[in-house]
Amino acid sequence: MGNPADPAKGRLPLVAVRVRDLSAYHGSRGKQTVARTFGTVRIGTRGSPLALAQAHEVRDRLVAAHGMAAETIEIVVISTKGDRVQDRELKEIGGKGLFTEEIEAQLASGEIDLAVHSSKDMPTKLPEGLALNAFLEREDPRDAFIGRAAPSLAALPVGAIVGTSSLRRQALVRRARPDLTVVGFRGNVQTRLRKLDEGVAHATLLANAGLRRLGMAEIITDLMEMDVFPPAPGQGAICIEGRKGDERTDALVEPLDDADTHVALACERAFLAALDGSCRTPIAGHARIDGDTIAFAGTILTPDGTEAHDIETSGAASDPAALGRAAGDTLRARAGSAFFESWV
Ligand SMILES: NCc1[nH]cc(CCC(=O)O)c1CC(=O)O
């Protein structure tokens, strides 16, 4: 994380050239090189409270890593189709790229320098010329339970209503508690909490990481165990998207990249890609890095939760995509084509 003792921090004009330790870029300790400063940096993000919290976190980390002046980093709010369409289920308007398309267009055209996303929302295929070049250290990937009628999923009375629009959460709730009613629940966190207050549902589920970023952890009444309620691939990890070959942005975001999270995400995204994952498909997957080894657990379910296929596997951290792809291929074969046809 940069050099906190840097005496030049915050005092240089924008165009100055200064000497700093670039070991984070070159991997060679103590190497002194002349580095440019970065000038004005434009970060593209959605405008939801969670997206803004994530963009601010990235800005704060860039400031800390490079000793940049905060005013040189501009946060550009970009509205996406997913933000504009509030009255329909996401699966009706078509999943892929719903929250990313407009942001990626501005990235490709150079109006912004980088985009901040929740990794979970990123399609496995990115537009030509763009890449995910950094993953911030992952927060707790677990789902959080917010219950009004009872503090946990297990304690909900028979017939209680759970509101969630995530197909994965719907399927996992139905698998664990077939007696409950699941209703669609869209909107940002504040909207969902209001629906709980209005009695539209007795409980909802949200990512623990997102609630923490919003400073709203106190509303959580339970945390879901990963084996009963496995998270979505990428859950809890903020990622940064940039243009391929844009060395300035690469150098800018490199110190923010967490190696373990990067490896885990490569595995989880390869798993998703092997299953052709999108918003329509209830898929859970999580990779944990332990030294040179990745431990991966994945689950696919039918939306009604009556059929599920799980895999637990491990492999070398040097080839995360191979492990994820193999896990996805194995589950696909094990489930059979009838399983996938039942999804549509
Ligand atoms: N699809 C919305 C979304 N995308 C990422 C997060 C949470 C933050 C994260 O997983 O990093 C959320 C909200 C939620 O699932 O509660």
# chains A, B, ... in the order shown; residues from 1 in each chain; ligands from 1

call {"tool": "residues_near_ligand", "arguments": {"ligand": "ligand 1", "cutoff": "6 Å", "atoms": "only C-alpha atoms and all ligand atoms", "output": "list in words"}}
result
Ser118, Lys120, Asp121, Leu206, Ala207, Ala209, Gly210, Gln235, Gly236, Ala237 and Ile238 of chain A

call {"tool": "write_last_selection", "arguments": {"atoms": "N, CA and C atoms", "output": "PDB file, in the first residue's frame"}}
result
ATOM      1  N   SER A 118     -19.099  -4.577  -8.440  1.00  0.00           N
ATOM      2  CA  SER A 118     -19.148  -5.785  -7.619  1.00  0.00           C
ATOM      3  C   SER A 118     -18.817  -6.934  -8.558  1.00  0.00           C
ATOM      4  N   LYS A 120     -19.497  -9.917  -8.438  1.00  0.00           N
ATOM      5  CA  LYS A 120     -20.671 -10.777  -8.585  1.00  0.00           C
ATOM      6  C   LYS A 120     -21.557 -10.359  -9.747  1.00  0.00           C
ATOM      7  N   ASP A 121     -21.583  -9.082 -10.066  1.00  0.00           N
ATOM      8  CA  ASP A 121     -22.455  -8.576 -11.128  1.00  0.00           C
ATOM      9  C   ASP A 121     -21.811  -8.616 -12.502  1.00  0.00           C
ATOM     10  N   LEU A 206     -29.350 -10.559   2.088  1.00  0.00           N
ATOM     11  CA  LEU A 206     -28.474  -9.659   1.342  1.00  0.00           C
ATOM     12  C   LEU A 206     -27.031 -10.045   1.629  1.00  0.00           C
ATOM     13  N   ALA A 207     -26.140  -9.608   0.757  1.00  0.00           N
ATOM     14  CA  ALA A 207     -24.726  -9.916   0.984  1.00  0.00           C
ATOM     15  C   ALA A 207     -24.213  -9.172   2.223  1.00  0.00           C
ATOM     16  N   ALA A 209     -21.229  -8.425   2.836  1.00  0.00           N
ATOM     17  CA  ALA A 209     -20.211  -7.449   2.407  1.00  0.00           C
ATOM     18  C   ALA A 209     -20.850  -6.115   2.033  1.00  0.00           C
ATOM     19  N   GLY A 210     -21.947  -6.185   1.284  1.00  0.00           N
ATOM     20  CA  GLY A 210     -22.609  -4.962   0.844  1.00  0.00           C
ATOM     21  C   GLY A 210     -23.158  -4.178   2.034  1.00  0.00           C
ATOM     22  N   GLN A 235     -18.974 -13.018  -4.881  1.00  0.00           N
ATOM     23  CA  GLN A 235     -19.633 -12.221  -3.833  1.00  0.00           C
ATOM     24  C   GLN A 235     -18.601 -11.678  -2.839  1.00  0.00           C
ATOM     25  N   GLY A 236     -18.747 -10.411  -2.506  1.00  0.00           N
ATOM     26  CA  GLY A 236     -17.872  -9.786  -1.504  1.00  0.00           C
ATOM     27  C   GLY A 236     -16.600  -9.172  -2.058  1.00  0.00           C
ATOM     28  N   ALA A 237     -16.372  -9.319  -3.372  1.00  0.00           N
ATOM     29  CA  ALA A 237     -15.125  -8.788  -3.944  1.00  0.00           C
ATOM     30  C   ALA A 237     -15.406  -7.626  -4.908  1.00  0.00           C
ATOM     31  N   ILE A 238     -14.813  -6.493  -4.637  1.00  0.00           N
ATOM     32  CA  ILE A 238     -14.888  -5.344  -5.541  1.00  0.00           C
ATOM     33  C   ILE A 238     -13.846  -5.547  -6.638  1.00  0.00           C
TER      34      ILE A 238
END

call {"tool": "select_by_dssp", "arguments": {"residues": "segment 30-211 of chain A", "states": "alpha helix (DSSP H)", "output": "number ranges by chain"}}
result
A: 49-66, 81-84, 90-93, 101-108, 167-176, 189-197, 208-211

call {"tool": "residues_around", "arguments": {"residues": "segment 253-261 of chain A", "least_positions_apart": "3", "cutoff": "7 Å", "atoms": "only C-alpha atoms", "output": "MDAnalysis selection string"}}
result
chainID A and resid 1 24:25 61 65 134:138 249:250 264:265 289

call {"tool": "write_last_selection", "arguments": {"atoms": "C-alpha atoms", "output": "PDB file, in the first residue's frame"}}
result
ATOM      1  CA  MET A   1       0.000   0.000   0.000  1.00  0.00           C
ATOM      2  CA  ALA A  24       5.066  -2.797  -5.969  1.00  0.00           C
ATOM      3  CA  TYR A  25       5.131  -2.493  -9.768  1.00  0.00           C
ATOM      4  CA  ARG A  61      -7.131   3.327  -1.679  1.00  0.00           C
ATOM      5  CA  ALA A  65      -1.293   3.875  -2.469  1.00  0.00           C
ATOM      6  CA  ALA A 134      -7.622  -5.721 -10.065  1.00  0.00           C
ATOM      7  CA  PHE A 135      -9.645  -7.339  -7.287  1.00  0.00           C
ATOM      8  CA  LEU A 136      -9.686  -5.706  -3.871  1.00  0.00           C
ATOM      9  CA  GLU A 137      -9.235  -7.989  -0.907  1.00  0.00           C
ATOM     10  CA  ARG A 138     -12.515  -9.817  -0.472  1.00  0.00           C
ATOM     11  CA  THR A 249      -4.461   2.504 -15.386  1.00  0.00           C
ATOM     12  CA  ASP A 250      -2.655  -0.807 -14.867  1.00  0.00           C
ATOM     13  CA  ALA A 264     -10.095 -17.044  -6.192  1.00  0.00           C
ATOM     14  CA  LEU A 265     -12.022 -14.915  -8.662  1.00  0.00           C
ATOM     15  CA  ILE A 289      -6.831 -19.922  -1.153  1.00  0.00           C
TER      16      ILE A 289
END

call {"tool": "atom_distance", "arguments": {"atom1": "atom CA of Thr45 of chain A", "atom2": "atom CA of Cys239 of chain A"}}
result
11.4 Å

call {"tool": "select_by_dssp", "arguments": {"residues": "segment 42-256 of chain A", "states": "strand (DSSP E)", "output": "PyMOL selection string"}}
result
chain A and resi 42-45+73-77+114-118+130-135+143-147+161-163+181-183+203-207+222-223+238-243

call {"tool": "write_last_selection", "arguments": {"atoms": "N, CA and C atoms", "output": "short mmCIF file (atom, residue, chain, number, x, y, z; two decimals), in the first residue's frame"}}
result
data_model
loop_
_atom_site.label_atom_id
_atom_site.label_comp_id
_atom_site.auth_asym_id
_atom_site.auth_seq_id
_atom_site.Cartn_x
_atom_site.Cartn_y
_atom_site.Cartn_z
N ARG A 42 -10.52 9.39 -13.77
CA ARG A 42 -12.00 9.34 -13.73
C ARG A 42 -12.46 7.90 -13.50
N ILE A 43 -13.20 7.74 -12.40
CA ILE A 43 -13.72 6.42 -12.01
C ILE A 43 -15.20 6.37 -12.37
N GLY A 44 -15.59 5.38 -13.16
CA GLY A 44 -17.00 5.22 -13.51
C GLY A 44 -17.68 4.24 -12.57
N THR A 45 -18.91 4.57 -12.19
CA THR A 45 -19.66 3.70 -11.28
C THR A 45 -21.15 3.92 -11.46
N ILE A 73 -9.10 12.70 -8.30
CA ILE A 73 -9.85 11.51 -8.67
C ILE A 73 -11.33 11.86 -8.70
N GLU A 74 -11.89 11.76 -9.89
CA GLU A 74 -13.28 12.16 -10.08
C GLU A 74 -14.16 10.91 -10.17
N ILE A 75 -15.27 10.93 -9.45
CA ILE A 75 -16.19 9.81 -9.52
C ILE A 75 -17.34 10.18 -10.46
N VAL A 76 -17.48 9.40 -11.54
CA VAL A 76 -18.46 9.70 -12.58
C VAL A 76 -19.61 8.69 -12.47
N VAL A 77 -20.79 9.18 -12.14
CA VAL A 77 -21.94 8.30 -11.96
C VAL A 77 -22.61 8.03 -13.30
N LEU A 114 -11.31 4.01 -15.47
CA LEU A 114 -11.54 2.70 -14.88
C LEU A 114 -12.96 2.64 -14.35
N ALA A 115 -13.46 1.42 -14.20
CA ALA A 115 -14.80 1.24 -13.67
C ALA A 115 -14.72 0.35 -12.44
N VAL A 116 -15.52 0.69 -11.43
CA VAL A 116 -15.57 -0.11 -10.21
C VAL A 116 -16.88 -0.89 -10.20
N HIS A 117 -16.78 -2.18 -9.94
CA HIS A 117 -17.97 -3.04 -9.93
C HIS A 117 -17.93 -3.99 -8.73
N SER A 118 -19.10 -4.58 -8.44
CA SER A 118 -19.15 -5.78 -7.62
C SER A 118 -18.82 -6.93 -8.56
N LEU A 130 -11.61 -4.88 -23.08
CA LEU A 130 -11.69 -4.55 -21.65
C LEU A 130 -11.31 -5.76 -20.81
N ALA A 131 -10.83 -5.50 -19.60
CA ALA A 131 -10.42 -6.60 -18.72
C ALA A 131 -10.61 -6.19 -17.26
N LEU A 132 -10.77 -7.21 -16.41
CA LEU A 132 -10.77 -6.95 -14.97
C LEU A 132 -9.31 -7.01 -14.54
N ASN A 133 -8.76 -5.87 -14.14
CA ASN A 133 -7.33 -5.90 -13.84
C ASN A 133 -6.96 -5.82 -12.37
N ALA A 134 -7.93 -5.65 -11.49
CA ALA A 134 -7.62 -5.72 -10.06
C ALA A 134 -8.85 -6.15 -9.27
N PHE A 135 -8.60 -6.92 -8.22
CA PHE A 135 -9.65 -7.34 -7.29
C PHE A 135 -9.20 -6.93 -5.89
N ASP A 143 -23.88 -14.65 2.84
CA ASP A 143 -25.15 -13.93 2.83
C ASP A 143 -25.57 -13.64 4.27
N ALA A 144 -26.25 -12.52 4.42
CA ALA A 144 -26.78 -12.13 5.72
C ALA A 144 -28.29 -12.28 5.70
N PHE A 145 -28.85 -12.69 6.82
CA PHE A 145 -30.29 -12.85 6.98
C PHE A 145 -30.82 -11.68 7.78
N ILE A 146 -31.88 -11.07 7.26
CA ILE A 146 -32.51 -9.96 7.97
C ILE A 146 -33.95 -10.38 8.22
N GLY A 147 -34.23 -10.76 9.44
CA GLY A 147 -35.55 -11.31 9.77
C GLY A 147 -36.35 -10.38 10.66
N ILE A 161 -42.97 -15.63 4.71
CA ILE A 161 -42.61 -15.14 3.38
C ILE A 161 -41.19 -14.57 3.39
N VAL A 162 -40.37 -15.04 2.44
CA VAL A 162 -39.01 -14.51 2.28
C VAL A 162 -38.96 -13.75 0.97
N GLY A 163 -38.50 -12.51 1.02
CA GLY A 163 -38.40 -11.70 -0.19
C GLY A 163 -36.98 -11.67 -0.71
N THR A 181 -42.80 -19.35 1.62
CA THR A 181 -43.16 -18.72 0.35
C THR A 181 -42.07 -17.72 0.00
N VAL A 182 -41.63 -17.78 -1.26
CA VAL A 182 -40.60 -16.84 -1.70
C VAL A 182 -41.23 -15.85 -2.66
N VAL A 183 -41.00 -14.57 -2.41
CA VAL A 183 -41.50 -13.54 -3.33
C VAL A 183 -40.34 -12.70 -3.86
N ALA A 203 -38.80 -11.69 5.96
CA ALA A 203 -37.34 -11.74 6.02
C ALA A 203 -36.78 -11.54 4.62
N THR A 204 -35.52 -11.13 4.56
CA THR A 204 -34.82 -11.04 3.29
C THR A 204 -33.37 -11.44 3.50
N LEU A 205 -32.67 -11.61 2.39
CA LEU A 205 -31.25 -11.98 2.44
C LEU A 205 -30.47 -11.01 1.57
N LEU A 206 -29.35 -10.56 2.09
CA LEU A 206 -28.47 -9.66 1.34
C LEU A 206 -27.03 -10.05 1.63
N ALA A 207 -26.14 -9.61 0.76
CA ALA A 207 -24.73 -9.92 0.98
C ALA A 207 -24.21 -9.17 2.22
N ASP A 222 -28.75 -12.68 11.30
CA ASP A 222 -28.04 -13.97 11.25
C ASP A 222 -27.12 -13.98 10.03
N LEU A 223 -26.06 -14.78 10.09
CA LEU A 223 -25.21 -14.98 8.92
C LEU A 223 -25.37 -16.41 8.45
N ILE A 238 -14.81 -6.49 -4.64
CA ILE A 238 -14.89 -5.34 -5.54
C ILE A 238 -13.85 -5.55 -6.64
N CYS A 239 -14.22 -5.28 -7.89
CA CYS A 239 -13.22 -5.39 -8.95
C CYS A 239 -13.11 -4.09 -9.74
N ILE A 240 -11.99 -3.97 -10.40
CA ILE A 240 -11.72 -2.79 -11.23
C ILE A 240 -11.52 -3.24 -12.67
N GLU A 241 -12.28 -2.60 -13.55
CA GLU A 241 -12.22 -2.92 -14.97
C GLU A 241 -11.49 -1.79 -15.69
N GLY A 242 -10.65 -2.15 -16.62
CA GLY A 242 -9.93 -1.14 -17.39
C GLY A 242 -9.80 -1.56 -18.85
N ARG A 243 -9.13 -0.72 -19.62
CA ARG A 243 -8.86 -1.06 -21.03
C ARG A 243 -7.60 -1.91 -21.09
#
